[in-house]
Amino acid sequence: MKALVGFARVFVGILFIFSGFVKLNDPVGFSYKLQEYFSPGVLDIPFLIPVALALAVILVIAEVMLGVTLLLGYLKKFTVWSLLLMIAFFTFLTFYSAYFNKVTDCGCFGDAIPLTPWQSFYKDVILSVLILILFFNQKYINPIFKPASHKWIVFVVFIGCLGFAYHVLMHLPAIDFRAYKVGANISEGMKMPADAKQAVYDYNWKFNVGGQEKIVTTQGAYPSVDGEFIEVNTEVVEEGYEPPIHDFSLQQGGEDFTEEILSTPKVLMVSAYNLSKSEKAGWSAIKDEIAAAQQKGYRVIGLSASGPNEISKIKDIYGIDIPFYFADETAIKTIVRSNPGLVTLEKGTIMQKLHWNDAEDLEIR
């Protein structure tokens with residue numbers, strides 16, 4: 001049993017530290033995932049949406065700290081109780097998400113290791129078992145260093161987590177795990193390989209046959225049924241290949257400008273997923289960089305999911321004269337974790353991504 005507890009302690013501790021650090025690297029991205037869980041269609045607790053970022057930072061730092069205290073053997077009763085309560089909550093959350101197909105990716109490991117809802121649930125079940133082993137065998141959790149040093153180690157790690165969180169919030173994630181990382185070509189990321197696996201669907205056709213409802217399931221073909229057709233519902237049986245970038249498009253006035261802009265030699269994209277939520281200081285900070293890029297012959301464009309009224313307000317208030325294109329809000333949030341943010345492209349290849357705090361570092365060539 002002692003050996004099993006030792007294995008569980010190391011495995012759970014390292015996994016919590018890794019999971020917490022990956023999300024601490026991108027707390028804004030994790031906050032978007034929490035907002036998805038809090039939305040009316042999922043847990044229906046929208047009053048928590050405004051504080052999602054603060055909760056994200058608290059949760060990921062707690063995750064790292066619990067992993068550290070478990071490995072150290074520090075405050076073991078508090079640690080195992082906290083681990084048990086946390087894993088119980090997340091196991092419920094991942095089961096709810098998987099069973100009702102509410103959230104397609106739990107965000108457990110951020111964008112570093114995407115998991116399906118059921119994979120997330122099974123991972124939490126395994127962790128629950130290991131944490132229960134630790135909970136009922138606390139006597140085998142012994143300190144690995146002198147107890148007097150533990151509080152200082154925990155203090156240093158905590159301050160380090162706070163400092164790292166502040167840094168990535170004021171700039172951008174230190175490690176970019178997303179499909180829109182620097183060096184990626186957006187056009188290439190949207191391509192489907194010739195041998196790509198196709199999704200398999202069940203088509204559930206509903207008919208009225210002699211006053212009774214009858215459902216006939218096919219994989220696409222319209223069934224031969226002697227009755228009145230009511231409706232058809234599709235169900236994903238097997239997921240197909242999805243390209244890394246699948247929701248990027250640039251629309252204006254009902255026209256698609258995606259291919260045109262991605263083939264342009266030099267582009268500066270000013271991204272702001274929601275103009276009403278964008279940071280006012282950011283527009284003042286990037287104004288000079290926009291002008292410099294225009295003088296150097298860049299095609300400078302804005303990306304937003306906001307409507308024409310919000311666009312007009314931003315242009316009037318800050319004197320920014322650039323054309324805005326409509327893009328999917330989720331895609332814009334994924335491209336750069338800043339509102340507004342700056343992205344330079346060369347024929348569709350991402351050359352630079354900057355938080356508005358770092359606008360002065362923009363390289364205009």
# chains A, B, ... in the order shown; residues from 1 in each chain; ligands from 1
call {"tool": "residues_around", "arguments": {"residues": "range 344-346 of chain A", "least_positions_apart": "4", "cutoff": "12 Å", "atoms": "only C-alpha atoms", "output": "ChimeraX atom specification"}}
result
/A:180-187,261-271,289-290,293,298-302,335-336,350-354,359,362-365
call {"tool": "residues_around", "arguments": {"residues": "Ala291 in chain A", "least_positions_apart": "4", "cutoff": "10 Å", "atoms": "only C-alpha atoms", "output": "list in words"}}
result
Ile286, Lys287, Gln295, Lys296, Tyr298, Val300, Ile320, Asp321 and Ile322 of chain A
call {"tool": "closest_residue", "arguments": {"among": "A:Arg9, A:Lys2, A:Ile49, A:Lys277", "to": "Lys76 in chain A", "atoms": "only C-alpha atoms"}}
result
A:Arg9
call {"tool": "closest_residue", "arguments": {"among": "A:Ser312, A:Gly319, A:Phe326, A:Asp176", "to": "Glu255 in chain A", "atoms": "only C-alpha atoms"}}
result
A:Phe326
call {"tool": "closest_residue", "arguments": {"among": "A:Leu83, A:Leu48, A:Asn204, A:Tyr273", "to": "Val237 in chain A", "atoms": "only C-alpha atoms"}}
result
A:Asn204
call {"tool": "atom_distance", "arguments": {"atom1": "CA of Gly189 in chain A", "atom2": "CA of Gly253 in chain A"}}
result
25.4 Å
call {"tool": "closest_atom_pairs", "arguments": {"of": "range 28-124 of chain A", "to": "range 328-334 of chain A", "cutoff": "10 Å", "atoms": "only C-alpha atoms", "output": "Markdown table"}}
result
| residue | atom | partner | partner_atom | distance |
| --- | --- | --- | --- | --- |
| A:Val28 | CA | A:Lys333 | CA | 9.2 |
| A:Gly29 | CA | A:Thr334 | CA | 7.8 |
| A:Tyr32 | CA | A:Lys333 | CA | 8.6 |
| A:Asp111 | CA | A:Thr334 | CA | 9.9 |
call {"tool": "residues_around", "arguments": {"residues": "Phe11 in chain A", "least_positions_apart": "4", "cutoff": "10 Å", "atoms": "only C-alpha atoms", "output": "PyMOL selection string"}}
result
chain A and resi 5-7+15-16+67+71+127+130
call {"tool": "write_last_selection", "arguments": {"atoms": "C-alpha atoms", "output": "compact mmCIF listing (two decimals), in the first residue's frame"}}
result
# COMPACT_ATOMS: atom_id res chain seq x y z
CA VAL A 5 0.32 5.72 -2.17
CA GLY A 6 3.75 6.88 -3.27
CA PHE A 7 2.85 6.36 -6.93
CA LEU A 15 -0.48 16.07 -13.16
CA PHE A 16 -2.02 18.88 -11.10
CA GLY A 67 0.21 19.67 -6.62
CA LEU A 71 4.57 16.38 -3.41
CA LEU A 127 -7.73 10.81 -10.69
CA LEU A 130 -5.96 7.85 -6.93
call {"tool": "closest_atom_pairs", "arguments": {"of": "range 222-286 of chain A", "to": "range 194-201 of chain A", "cutoff": "8 Å", "atoms": "only C-alpha atoms", "output": "Markdown table"}}
result
| residue | atom | partner | partner_atom | distance |
| --- | --- | --- | --- | --- |
| A:Thr234 | CA | A:Tyr201 | CA | 6.4 |
| A:Glu235 | CA | A:Tyr201 | CA | 5.5 |
| A:Val236 | CA | A:Tyr201 | CA | 4.6 |
| A:Val237 | CA | A:Tyr201 | CA | 5.3 |
| A:Glu238 | CA | A:Val200 | CA | 4.9 |
| A:Glu239 | CA | A:Ala199 | CA | 4.8 |
| A:Gly240 | CA | A:Ala199 | CA | 3.6 |
| A:Tyr241 | CA | A:Lys197 | CA | 5.2 |
call {"tool": "write_last_selection", "arguments": {"atoms": "N, CA and C atoms", "output": "PDB file, in the first residue's frame"}}
result
ATOM      1  N   THR A 234     -29.994  14.833 -37.268  1.00  0.00           N
ATOM      2  CA  THR A 234     -28.709  14.172 -37.503  1.00  0.00           C
ATOM      3  C   THR A 234     -27.975  13.970 -36.184  1.00  0.00           C
ATOM      4  N   GLU A 235     -27.223  12.885 -36.128  1.00  0.00           N
ATOM      5  CA  GLU A 235     -26.463  12.534 -34.931  1.00  0.00           C
ATOM      6  C   GLU A 235     -25.069  12.086 -35.360  1.00  0.00           C
ATOM      7  N   VAL A 236     -24.041  12.655 -34.746  1.00  0.00           N
ATOM      8  CA  VAL A 236     -22.662  12.295 -35.082  1.00  0.00           C
ATOM      9  C   VAL A 236     -22.342  10.941 -34.470  1.00  0.00           C
ATOM     10  N   VAL A 237     -22.022   9.981 -35.334  1.00  0.00           N
ATOM     11  CA  VAL A 237     -21.658   8.641 -34.878  1.00  0.00           C
ATOM     12  C   VAL A 237     -20.150   8.538 -34.694  1.00  0.00           C
ATOM     13  N   GLU A 238     -19.435   9.135 -35.624  1.00  0.00           N
ATOM     14  CA  GLU A 238     -17.977   9.090 -35.595  1.00  0.00           C
ATOM     15  C   GLU A 238     -17.431  10.413 -36.115  1.00  0.00           C
ATOM     16  N   GLU A 239     -16.585  11.042 -35.326  1.00  0.00           N
ATOM     17  CA  GLU A 239     -16.030  12.331 -35.726  1.00  0.00           C
ATOM     18  C   GLU A 239     -15.082  12.165 -36.904  1.00  0.00           C
ATOM     19  N   GLY A 240     -15.110  13.123 -37.819  1.00  0.00           N
ATOM     20  CA  GLY A 240     -14.186  13.121 -38.938  1.00  0.00           C
ATOM     21  C   GLY A 240     -13.013  14.046 -38.674  1.00  0.00           C
ATOM     22  N   TYR A 241     -12.125  14.165 -39.644  1.00  0.00           N
ATOM     23  CA  TYR A 241     -10.959  15.050 -39.498  1.00  0.00           C
ATOM     24  C   TYR A 241     -11.413  16.499 -39.543  1.00  0.00           C
TER      25      TYR A 241
END
call {"tool": "decode", "arguments": {"residues": "range 96-115 of chain A", "atoms": "N, CA, C and O atoms", "output": "PDB file, in the first residue's frame"}}
result
ATOM      1  N   TYR A  96     -21.267  15.794 -16.821  1.00  0.00           N
ATOM      2  CA  TYR A  96     -22.405  16.589 -17.301  1.00  0.00           C
ATOM      3  C   TYR A  96     -22.151  17.058 -18.720  1.00  0.00           C
ATOM      4  O   TYR A  96     -23.029  16.987 -19.595  1.00  0.00           O
ATOM      5  N   SER A  97     -20.931  17.527 -18.964  1.00  0.00           N
ATOM      6  CA  SER A  97     -20.568  18.035 -20.287  1.00  0.00           C
ATOM      7  C   SER A  97     -20.595  16.923 -21.327  1.00  0.00           C
ATOM      8  O   SER A  97     -21.075  17.116 -22.442  1.00  0.00           O
ATOM      9  N   ALA A  98     -20.075  15.757 -20.959  1.00  0.00           N
ATOM     10  CA  ALA A  98     -20.008  14.638 -21.911  1.00  0.00           C
ATOM     11  C   ALA A  98     -21.382  14.032 -22.169  1.00  0.00           C
ATOM     12  O   ALA A  98     -21.767  13.794 -23.319  1.00  0.00           O
ATOM     13  N   TYR A  99     -22.135  13.794 -21.097  1.00  0.00           N
ATOM     14  CA  TYR A  99     -23.430  13.117 -21.237  1.00  0.00           C
ATOM     15  C   TYR A  99     -24.428  13.963 -22.022  1.00  0.00           C
ATOM     16  O   TYR A  99     -25.158  13.452 -22.864  1.00  0.00           O
ATOM     17  N   PHE A 100     -24.445  15.261 -21.732  1.00  0.00           N
ATOM     18  CA  PHE A 100     -25.394  16.139 -22.406  1.00  0.00           C
ATOM     19  C   PHE A 100     -24.778  16.858 -23.601  1.00  0.00           C
ATOM     20  O   PHE A 100     -25.440  17.677 -24.245  1.00  0.00           O
ATOM     21  N   ASN A 101     -23.500  16.538 -23.894  1.00  0.00           N
ATOM     22  CA  ASN A 101     -22.799  17.101 -25.048  1.00  0.00           C
ATOM     23  C   ASN A 101     -22.873  18.630 -25.046  1.00  0.00           C
ATOM     24  O   ASN A 101     -23.207  19.266 -26.048  1.00  0.00           O
ATOM     25  N   LYS A 102     -22.528  19.232 -23.903  1.00  0.00           N
ATOM     26  CA  LYS A 102     -22.655  20.680 -23.739  1.00  0.00           C
ATOM     27  C   LYS A 102     -21.394  21.431 -24.150  1.00  0.00           C
ATOM     28  O   LYS A 102     -21.459  22.447 -24.813  1.00  0.00           O
ATOM     29  N   VAL A 103     -20.236  20.950 -23.699  1.00  0.00           N
ATOM     30  CA  VAL A 103     -18.965  21.616 -23.997  1.00  0.00           C
ATOM     31  C   VAL A 103     -18.048  20.593 -24.643  1.00  0.00           C
ATOM     32  O   VAL A 103     -17.791  19.535 -24.077  1.00  0.00           O
ATOM     33  N   THR A 104     -17.559  20.888 -25.836  1.00  0.00           N
ATOM     34  CA  THR A 104     -16.814  19.888 -26.611  1.00  0.00           C
ATOM     35  C   THR A 104     -15.387  19.678 -26.130  1.00  0.00           C
ATOM     36  O   THR A 104     -14.760  18.690 -26.474  1.00  0.00           O
ATOM     37  N   ASP A 105     -14.842  20.611 -25.355  1.00  0.00           N
ATOM     38  CA  ASP A 105     -13.487  20.460 -24.815  1.00  0.00           C
ATOM     39  C   ASP A 105     -13.475  21.085 -23.426  1.00  0.00           C
ATOM     40  O   ASP A 105     -13.766  22.267 -23.267  1.00  0.00           O
ATOM     41  N   CYS A 106     -13.130  20.295 -22.430  1.00  0.00           N
ATOM     42  CA  CYS A 106     -13.202  20.788 -21.044  1.00  0.00           C
ATOM     43  C   CYS A 106     -12.156  21.847 -20.735  1.00  0.00           C
ATOM     44  O   CYS A 106     -12.290  22.602 -19.774  1.00  0.00           O
ATOM     45  N   GLY A 107     -11.085  21.904 -21.528  1.00  0.00           N
ATOM     46  CA  GLY A 107     -10.025  22.860 -21.250  1.00  0.00           C
ATOM     47  C   GLY A 107      -9.122  22.426 -20.117  1.00  0.00           C
ATOM     48  O   GLY A 107      -8.384  23.237 -19.551  1.00  0.00           O
ATOM     49  N   CYS A 108      -9.148  21.135 -19.772  1.00  0.00           N
ATOM     50  CA  CYS A 108      -8.354  20.629 -18.638  1.00  0.00           C
ATOM     51  C   CYS A 108      -6.864  20.908 -18.803  1.00  0.00           C
ATOM     52  O   CYS A 108      -6.172  21.221 -17.838  1.00  0.00           O
ATOM     53  N   PHE A 109      -6.374  20.757 -20.032  1.00  0.00           N
ATOM     54  CA  PHE A 109      -4.968  21.024 -20.316  1.00  0.00           C
ATOM     55  C   PHE A 109      -4.829  22.164 -21.325  1.00  0.00           C
ATOM     56  O   PHE A 109      -3.894  22.173 -22.134  1.00  0.00           O
ATOM     57  N   GLY A 110      -5.758  23.103 -21.268  1.00  0.00           N
ATOM     58  CA  GLY A 110      -5.719  24.243 -22.173  1.00  0.00           C
ATOM     59  C   GLY A 110      -5.738  23.794 -23.627  1.00  0.00           C
ATOM     60  O   GLY A 110      -6.421  22.832 -23.985  1.00  0.00           O
ATOM     61  N   ASP A 111      -4.962  24.486 -24.457  1.00  0.00           N
ATOM     62  CA  ASP A 111      -4.845  24.116 -25.869  1.00  0.00           C
ATOM     63  C   ASP A 111      -3.695  23.153 -26.107  1.00  0.00           C
ATOM     64  O   ASP A 111      -3.473  22.727 -27.243  1.00  0.00           O
ATOM     65  N   ALA A 112      -2.950  22.826 -25.051  1.00  0.00           N
ATOM     66  CA  ALA A 112      -1.793  21.950 -25.210  1.00  0.00           C
ATOM     67  C   ALA A 112      -2.211  20.518 -25.543  1.00  0.00           C
ATOM     68  O   ALA A 112      -1.640  19.877 -26.438  1.00  0.00           O
ATOM     69  N   ILE A 113      -3.205  19.992 -24.829  1.00  0.00           N
ATOM     70  CA  ILE A 113      -3.688  18.623 -25.049  1.00  0.00           C
ATOM     71  C   ILE A 113      -5.211  18.654 -25.061  1.00  0.00           C
ATOM     72  O   ILE A 113      -5.847  18.505 -24.013  1.00  0.00           O
ATOM     73  N   PRO A 114      -5.825  18.870 -26.225  1.00  0.00           N
ATOM     74  CA  PRO A 114      -7.292  18.880 -26.291  1.00  0.00           C
ATOM     75  C   PRO A 114      -7.851  17.486 -25.991  1.00  0.00           C
ATOM     76  O   PRO A 114      -7.344  16.478 -26.482  1.00  0.00           O
ATOM     77  N   LEU A 115      -8.878  17.440 -25.155  1.00  0.00           N
ATOM     78  CA  LEU A 115      -9.535  16.183 -24.810  1.00  0.00           C
ATOM     79  C   LEU A 115     -11.011  16.260 -25.164  1.00  0.00           C
ATOM     80  O   LEU A 115     -11.632  17.310 -25.012  1.00  0.00           O
TER      81      LEU A 115
END
